[in-house]
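Colleague: You'll find model.cif just under this line, and it carries mmCIF, C-alpha atoms and all ligand atoms.
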data_structure
loop_
_atom_site.group_PDB
_atom_site.id
_atom_site.type_symbol
_atom_site.label_atom_id
_atom_site.label_comp_id
_atom_site.auth_asym_id
_atom_site.auth_seq_id
_atom_site.Cartn_x
_atom_site.Cartn_y
_atom_site.Cartn_z
ATOM 1 C CA MET C 1 92.782 129.895 101.784
ATOM 2 C CA ILE C 2 90.416 126.903 101.838
ATOM 3 C CA GLY C 3 90.204 125.148 98.471
ATOM 4 C CA ARG C 4 88.533 122.047 97.023
ATOM 5 C CA LEU C 5 87.111 119.239 99.139
ATOM 6 C CA ASN C 6 89.728 116.554 98.483
ATOM 7 C CA HIS C 7 88.113 113.754 100.490
ATOM 8 C CA VAL C 8 85.732 112.748 103.233
ATOM 9 C CA ALA C 9 87.180 109.994 105.438
ATOM 10 C CA ILE C 10 85.199 107.231 107.105
ATOM 11 C CA ALA C 11 86.697 105.011 109.808
ATOM 12 C CA VAL C 12 85.694 101.390 109.212
ATOM 13 C CA ALA C 13 85.956 98.385 111.506
ATOM 14 C CA ASP C 14 85.679 95.842 108.670
ATOM 15 C CA LEU C 15 87.479 96.881 105.494
ATOM 16 C CA ASP C 16 86.212 93.905 103.460
ATOM 17 C CA ALA C 17 82.627 94.859 104.317
ATOM 18 C CA ALA C 18 83.234 98.550 103.525
ATOM 19 C CA GLU C 19 84.739 97.633 100.134
ATOM 20 C CA ARG C 20 81.649 95.566 99.350
ATOM 21 C CA GLN C 21 79.357 98.419 100.426
ATOM 22 C CA TYR C 22 81.121 101.077 98.353
ATOM 23 C CA GLY C 23 82.173 98.845 95.443
ATOM 24 C CA ASP C 24 79.421 96.248 94.931
ATOM 25 C CA LEU C 25 76.396 97.994 96.440
ATOM 26 C CA LEU C 26 77.059 101.647 95.594
ATOM 27 C CA GLY C 27 78.985 100.857 92.412
ATOM 28 C CA GLY C 28 82.010 102.990 93.319
ATOM 29 C CA ILE C 29 85.442 102.690 91.709
ATOM 30 C CA LEU C 30 87.861 101.576 94.423
ATOM 31 C CA SER C 31 91.623 102.099 94.595
ATOM 32 C CA ALA C 32 93.928 99.327 95.763
ATOM 33 C CA ARG C 33 94.474 99.080 99.522
ATOM 34 C CA GLU C 34 97.482 101.025 100.743
ATOM 35 C CA ASP C 35 99.245 100.642 104.094
ATOM 36 C CA LEU C 36 100.570 103.923 105.526
ATOM 37 C CA PRO C 37 102.486 102.935 108.678
ATOM 38 C CA GLU C 38 103.515 106.532 109.442
ATOM 39 C CA HIS C 39 99.820 107.393 109.791
ATOM 40 C CA GLY C 40 98.724 104.102 111.382
ATOM 41 C CA VAL C 41 96.132 103.424 108.689
ATOM 42 C CA THR C 42 95.238 101.271 105.717
ATOM 43 C CA THR C 43 93.365 103.284 103.093
ATOM 44 C CA VAL C 44 91.053 102.584 100.194
ATOM 45 C CA PHE C 45 89.844 105.506 98.087
ATOM 46 C CA VAL C 46 86.499 105.613 96.320
ATOM 47 C CA ARG C 47 86.637 108.003 93.367
ATOM 48 C CA LEU C 48 83.596 110.198 92.848
ATOM 49 C CA SER C 49 83.120 112.800 90.143
ATOM 50 C CA ASN C 50 83.397 115.745 92.540
ATOM 51 C CA THR C 51 85.516 114.398 95.427
ATOM 52 C CA ASN C 52 86.747 111.136 97.022
ATOM 53 C CA ILE C 53 85.778 108.951 99.951
ATOM 54 C CA GLU C 54 88.682 107.641 102.040
ATOM 55 C CA LEU C 55 87.978 104.386 103.872
ATOM 56 C CA LEU C 56 90.293 104.186 106.895
ATOM 57 C CA HIS C 57 91.172 101.024 108.788
ATOM 58 C CA PRO C 58 93.588 100.809 111.758
ATOM 59 C CA LEU C 59 97.180 99.693 111.085
ATOM 60 C CA GLY C 60 99.668 98.968 113.878
ATOM 61 C CA MET C 61 99.606 99.513 117.629
ATOM 62 C CA ASP C 62 99.222 103.305 117.816
ATOM 63 C CA SER C 63 96.593 103.904 115.185
ATOM 64 C CA PRO C 64 94.355 106.960 115.718
ATOM 65 C CA ILE C 65 91.626 104.929 114.006
ATOM 66 C CA ALA C 66 91.771 102.213 116.679
ATOM 67 C CA LYS C 67 91.053 104.819 119.366
ATOM 68 C CA PHE C 68 88.211 106.277 117.279
ATOM 69 C CA LEU C 69 86.682 102.811 116.768
ATOM 70 C CA GLU C 70 86.872 102.094 120.503
ATOM 71 C CA LYS C 71 84.440 104.969 120.972
ATOM 72 C CA SER C 72 82.409 104.259 117.812
ATOM 73 C CA PRO C 73 82.664 100.504 117.135
ATOM 74 C CA SER C 74 80.457 100.664 114.032
ATOM 75 C CA GLY C 75 82.777 103.250 112.476
ATOM 76 C CA GLY C 76 81.781 106.707 111.305
ATOM 77 C CA LEU C 77 82.746 109.993 109.744
ATOM 78 C CA HIS C 78 86.370 110.643 110.756
ATOM 79 C CA HIS C 79 87.606 113.776 108.949
ATOM 80 C CA VAL C 80 87.225 116.079 105.980
ATOM 81 C CA CYS C 81 90.206 117.089 103.832
ATOM 82 C CA TYR C 82 90.444 120.474 102.142
ATOM 83 C CA GLU C 83 93.124 121.489 99.666
ATOM 84 C CA VAL C 84 95.330 124.528 100.264
ATOM 85 C CA GLU C 85 97.874 126.113 97.933
ATOM 86 C CA ASP C 86 100.645 126.533 100.523
ATOM 87 C CA ILE C 87 100.541 124.315 103.609
ATOM 88 C CA ARG C 88 103.180 126.243 105.572
ATOM 89 C CA ALA C 89 101.408 129.548 104.983
ATOM 90 C CA ALA C 90 98.166 127.861 106.069
ATOM 91 C CA MET C 91 99.837 126.569 109.262
ATOM 92 C CA GLU C 92 101.151 130.028 110.132
ATOM 93 C CA ARG C 93 97.781 131.625 109.573
ATOM 94 C CA LEU C 94 95.951 128.980 111.635
ATOM 95 C CA VAL C 95 98.388 129.061 114.558
ATOM 96 C CA ALA C 96 98.263 132.876 114.588
ATOM 97 C CA GLY C 97 94.466 132.577 114.706
ATOM 98 C CA GLY C 98 94.618 130.265 117.733
ATOM 99 C CA ALA C 99 93.849 126.917 116.044
ATOM 100 C CA ARG C 100 95.750 123.811 117.152
ATOM 101 C CA VAL C 101 97.771 122.166 114.386
ATOM 102 C CA LEU C 102 98.400 118.515 115.361
ATOM 103 C CA GLY C 103 102.109 117.724 115.077
ATOM 104 C CA ARG C 104 104.968 120.081 114.402
ATOM 105 C CA GLU C 105 105.581 119.421 110.736
ATOM 106 C CA PRO C 106 103.484 118.348 107.740
ATOM 107 C CA LYS C 107 103.633 114.623 106.911
ATOM 108 C CA ILE C 108 103.367 113.091 103.468
ATOM 109 C CA GLY C 109 99.787 111.889 103.030
ATOM 110 C CA ALA C 110 98.020 109.308 100.930
ATOM 111 C CA HIS C 111 98.502 111.267 97.676
ATOM 112 C CA GLY C 112 102.234 111.867 98.183
ATOM 113 C CA LYS C 113 101.611 115.477 99.193
ATOM 114 C CA PRO C 114 102.152 117.287 102.534
ATOM 115 C CA VAL C 115 99.232 117.112 104.955
ATOM 116 C CA ILE C 116 98.426 118.475 108.423
ATOM 117 C CA PHE C 117 95.523 117.918 110.817
ATOM 118 C CA LEU C 118 93.616 120.500 112.875
ATOM 119 C CA HIS C 119 92.119 119.690 116.267
ATOM 120 C CA PRO C 120 88.394 118.811 116.053
ATOM 121 C CA LYS C 121 87.617 120.953 119.111
ATOM 122 C CA ASP C 122 88.736 124.038 117.133
ATOM 123 C CA PHE C 123 86.508 123.226 114.123
ATOM 124 C CA SER C 124 83.020 122.567 115.444
ATOM 125 C CA GLY C 125 83.774 118.969 116.451
ATOM 126 C CA THR C 126 85.163 117.928 113.053
ATOM 127 C CA LEU C 127 88.735 116.744 112.504
ATOM 128 C CA VAL C 128 90.100 118.707 109.514
ATOM 129 C CA GLU C 129 92.962 117.582 107.254
ATOM 130 C CA LEU C 130 94.643 120.085 104.936
ATOM 131 C CA GLU C 131 96.497 118.807 101.868
ATOM 132 C CA GLN C 132 98.777 120.928 99.735
ATOM 133 C CA ALA C 133 97.268 121.006 96.247
HETATM 134 C C1 LIG U 201 96.312 108.352 104.994
HETATM 135 C C2 LIG U 201 97.003 109.579 105.422
HETATM 136 C C3 LIG U 201 96.092 110.748 105.622
HETATM 137 C C4 LIG U 201 95.589 111.203 104.272
HETATM 138 O O1 LIG U 201 96.461 111.606 103.462
HETATM 139 O O2 LIG U 201 94.384 111.203 103.959
HETATM 140 C C5 LIG U 201 94.989 110.444 106.608
HETATM 141 O O3 LIG U 201 93.863 110.761 106.453
HETATM 142 S S1 LIG U 201 95.525 109.703 108.085
HETATM 143 C C6 LIG U 201 94.095 109.703 109.126
HETATM 144 C C7 LIG U 201 94.439 109.338 110.515
HETATM 145 N N1 LIG U 201 95.258 110.332 111.154
HETATM 146 C C8 LIG U 201 94.803 111.177 112.081
HETATM 147 O O4 LIG U 201 93.638 111.141 112.488
HETATM 148 C C9 LIG U 201 95.811 112.169 112.643
HETATM 149 C C10 LIG U 201 95.182 113.268 113.439
HETATM 150 N N2 LIG U 201 94.465 112.742 114.598
HETATM 151 C C11 LIG U 201 94.939 112.899 115.839
HETATM 152 O O5 LIG U 201 95.993 113.480 116.079
HETATM 153 C C12 LIG U 201 94.099 112.303 116.960
HETATM 154 O O6 LIG U 201 93.302 111.257 116.502
HETATM 155 C C13 LIG U 201 93.186 113.402 117.642
HETATM 156 C C14 LIG U 201 92.165 113.990 116.672
HETATM 157 C C15 LIG U 201 94.054 114.526 118.254
HETATM 158 C C16 LIG U 201 92.426 112.724 118.787
HETATM 159 O O7 LIG U 201 93.373 112.049 119.532
HETATM 160 P P1 LIG U 201 93.286 111.888 121.118
HETATM 161 O O8 LIG U 201 93.270 113.213 121.729
HETATM 162 O O9 LIG U 201 94.323 110.943 121.582
HETATM 163 O O10 LIG U 201 91.898 111.140 121.213
HETATM 164 P P2 LIG U 201 90.682 111.418 122.094
HETATM 165 O O11 LIG U 201 89.791 110.262 121.820
HETATM 166 O O12 LIG U 201 91.096 111.678 123.511
HETATM 167 O O13 LIG U 201 90.018 112.731 121.478
HETATM 168 C C17 LIG U 201 89.986 113.986 122.107
HETATM 169 C C18 LIG U 201 88.621 114.595 121.780
HETATM 170 O O14 LIG U 201 88.475 114.754 120.371
HETATM 171 C C19 LIG U 201 87.387 113.987 119.890
HETATM 172 N N3 LIG U 201 87.759 113.375 118.618
HETATM 173 C C20 LIG U 201 88.748 112.508 118.409
HETATM 174 N N4 LIG U 201 88.810 112.156 117.134
HETATM 175 C C21 LIG U 201 87.809 112.819 116.518
HETATM 176 C C22 LIG U 201 87.353 112.858 115.167
HETATM 177 N N5 LIG U 201 87.950 112.121 114.224
HETATM 178 N N6 LIG U 201 86.309 113.658 114.879
HETATM 179 C C23 LIG U 201 85.693 114.425 115.820
HETATM 180 N N7 LIG U 201 86.104 114.424 117.150
HETATM 181 C C24 LIG U 201 87.127 113.616 117.452
HETATM 182 C C25 LIG U 201 87.151 112.917 120.950
HETATM 183 O O15 LIG U 201 85.836 112.449 120.910
HETATM 184 C C26 LIG U 201 87.464 113.669 122.227
HETATM 185 O O16 LIG U 201 86.373 114.475 122.563
HETATM 186 P P3 LIG U 201 85.790 114.493 124.065
HETATM 187 O O17 LIG U 201 85.426 113.079 124.377
HETATM 188 O O18 LIG U 201 84.631 115.434 124.011
HETATM 189 O O19 LIG U 201 86.921 115.011 124.916
HETATM 190 CO CO CO U 202 92.612 111.787 104.995
#
With the file now loaded, output its structure as structure tokens.
Modeller:
Amino acid sequence: MIGRLNHVAIAVADLDAAERQYGDLLGGILSAREDLPEHGVTTVFVRLSNTNIELLHPLGMDSPIAKFLEKSPSGGLHHVCYEVEDIRAAMERLVAGGARVLGREPKIGAHGKPVIFLHPKDFSGTLVELEQA
């Protein structure tokens, strides 16, 4: 079921600084900033040859990134995103296997495709995002 690594997401407290780190210092190619109010985040993607880095900054009052940054003020690794062919089939399989899918329905993610999240406590302490390929 698990497919390509679509992105690795890093929560950042200072988006300007993170853009300088990944753009100027590391020489990455950065996307434009995008606000995704439904997810409570502003994103910037760094395109790599084999995957992408998603820089995540809190947006709005209920952002999951704000809570994460309260615990880790310097930021840090937030989630990994794997591609799946069929997100509903993946959900059924995961729920049947006892994993907690966060939310009832897939949402549309940063690439305009359906995404779901899996509880970090069910995946060795790592928040997992699945994106329909
Ligand atoms: C841009 C759209 C999309 C894309 O297309 O790429 C995105 O990536 S959006 C990214 C942001 N969205 C999300 O993170 C949605 C899913 N997240 C959640 O539903 C919640 O954040 C959560 C994972 C359920 C945690 O929420 P909550 O239970 O309210 O927070 P706690 O702080 O109480 O956490 C409980 C427990 O889990 C640990 N935790 C929390 N976040 C992470 C994490 N990112 N990685 C690893 N572990 C995490 C937290 O430390 C707590 O553990 P204990 O302290 O041991 O209880
Ligand atoms: Co993501």
Colleague: Identify, on the basis of all atoms listed in the file, every residue whose closest approach to Ala17 in chain C does not exceed 12 Å; exclude the query and any residue fewer than 5 positions from it along the same chain; express the result as a list in words.
Modeller: Val12, Tyr22, Gly23, Asp24, Leu25, Leu55, His57, Ser74 and Gly75 of chain C
Colleague: Once the PyMOL selection byres (((chain C and resi 5) around 7) and not hetatm) has been evaluated on this model, what residues remain selected, and can you format them as a PDB file with C-alpha atoms, keeping the file's coordinate frame?
Modeller:
ATOM      1  CA  GLY C   3      90.204 125.148  98.471  1.00  0.00           C
ATOM      2  CA  ARG C   4      88.533 122.047  97.023  1.00  0.00           C
ATOM      3  CA  ASN C   6      89.728 116.554  98.483  1.00  0.00           C
ATOM      4  CA  HIS C   7      88.113 113.754 100.490  1.00  0.00           C
ATOM      5  CA  THR C  51      85.516 114.398  95.427  1.00  0.00           C
ATOM      6  CA  CYS C  81      90.206 117.089 103.832  1.00  0.00           C
ATOM      7  CA  TYR C  82      90.444 120.474 102.142  1.00  0.00           C
ATOM      8  CA  GLU C  83      93.124 121.489  99.666  1.00  0.00           C
TER       9      GLU C  83
END
Colleague: With the PyMOL selection byres (((chain C and resi 101) around 9) and not hetatm) as the selection, what would be picked from this file? Answer as a compact mmCIF listing (two decimals) with C-alpha atoms, in the frame of the given file, please.
Modeller:
# COMPACT_ATOMS: atom_id res chain seq x y z
CA MET C 91 99.84 126.57 109.26
CA LEU C 94 95.95 128.98 111.64
CA VAL C 95 98.39 129.06 114.56
CA ALA C 99 93.85 126.92 116.04
CA ARG C 100 95.75 123.81 117.15
CA LEU C 102 98.40 118.52 115.36
CA GLY C 103 102.11 117.72 115.08
CA ARG C 104 104.97 120.08 114.40
CA ILE C 116 98.43 118.48 108.42
CA PHE C 117 95.52 117.92 110.82
CA LEU C 118 93.62 120.50 112.88
CA HIS C 119 92.12 119.69 116.27
Colleague: Quote the spacing between CA of Glu131 in chain C and atom S1 of ligand LIG 201 (chain U) in Å to one decimal place.
Modeller: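 Computing it gives 11.1 Å between the two atoms.
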Colleague: Smallest atom-to-atom distance to Ile108 in chain C: which of C:Leu36, C:Leu127, C:Val41, C:Ala18, using only C-alpha atoms?
Modeller: C:Leu36
Colleague: Report as a Markdown table: every residue of chain C with an atom at most 7 Å from ligand CO 202 (chain U), its closest pair of atoms, and their distance in Å to one decimal, counting all atoms listed in the file, with rows sorted by chain and ascending residue number.
Modeller:
| residue | atom | partner | partner_atom | distance |
| --- | --- | --- | --- | --- |
| C:His7 | CA | U:CO202 | CO | 6.7 |
| C:Ala9 | CA | U:CO202 | CO | 5.7 |
| C:Glu54 | CA | U:CO202 | CO | 6.4 |
| C:His79 | CA | U:CO202 | CO | 6.7 |
| C:Val80 | CA | U:CO202 | CO | 7.0 |
| C:Cys81 | CA | U:CO202 | CO | 5.9 |
| C:Glu129 | CA | U:CO202 | CO | 6.2 |
Colleague: Go ahead and save the picked residues with C-alpha atoms, as a tab-separated table (two decimals), in the coordinates of the input.
Modeller:
chain	number	residue	atom	x	y	z
C	7	HIS	CA	88.11	113.75	100.49
C	9	ALA	CA	87.18	109.99	105.44
C	54	GLU	CA	88.68	107.64	102.04
C	79	HIS	CA	87.61	113.78	108.95
C	80	VAL	CA	87.22	116.08	105.98
C	81	CYS	CA	90.21	117.09	103.83
C	129	GLU	CA	92.96	117.58	107.25
Colleague: Could you pull the residues within 12 Å of Asp35 in chain C, counting all atoms listed in the file, minus those fewer than 3 positions along the same chain, as a ChimeraX atom specification?
Modeller: /C:32,38-44,55-60,63,109-110
Colleague: Can you measure CA of Gln21 in chain C to CA of Pro73 in chain C for me? One decimal in Å is fine.
Modeller: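 One can read the CA of Gln21 in chain C to CA of Pro73 in chain C distance as 17.2 Å.
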Colleague: With distances taken over only C-alpha atoms, which of C:Leu77, C:Ile29, C:Pro37, C:Ile65 is nearest to Ser49 in chain C?
Modeller: C:Ile29
Colleague: May I ask which of the residues C:Pro64, C:Ser124, C:Pro106, C:Leu69 is the closest one to ligand LIG 201 (chain U), counting only C-alpha atoms and all ligand atoms?
Modeller: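 Checking each candidate against ligand LIG 201 (chain U), we get C:Pro64 as the closest.
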Colleague: Applying 7 Å and all atoms listed in the file, which residues near Val84 in chain C remain after dropping the ones on its own chain fewer than 4 positions away? List them as JSON, numbers by chain.
Modeller: {"C": [1, 2, 3, 130, 131, 132, 133]}
Colleague: What separation in Å, quoted to one decimal, exists between CA of Arg47 in chain C and CA of Ser31 in chain C?
Modeller: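 Result for CA of Arg47 in chain C versus CA of Ser31 in chain C: 7.8 Å, one decimal.
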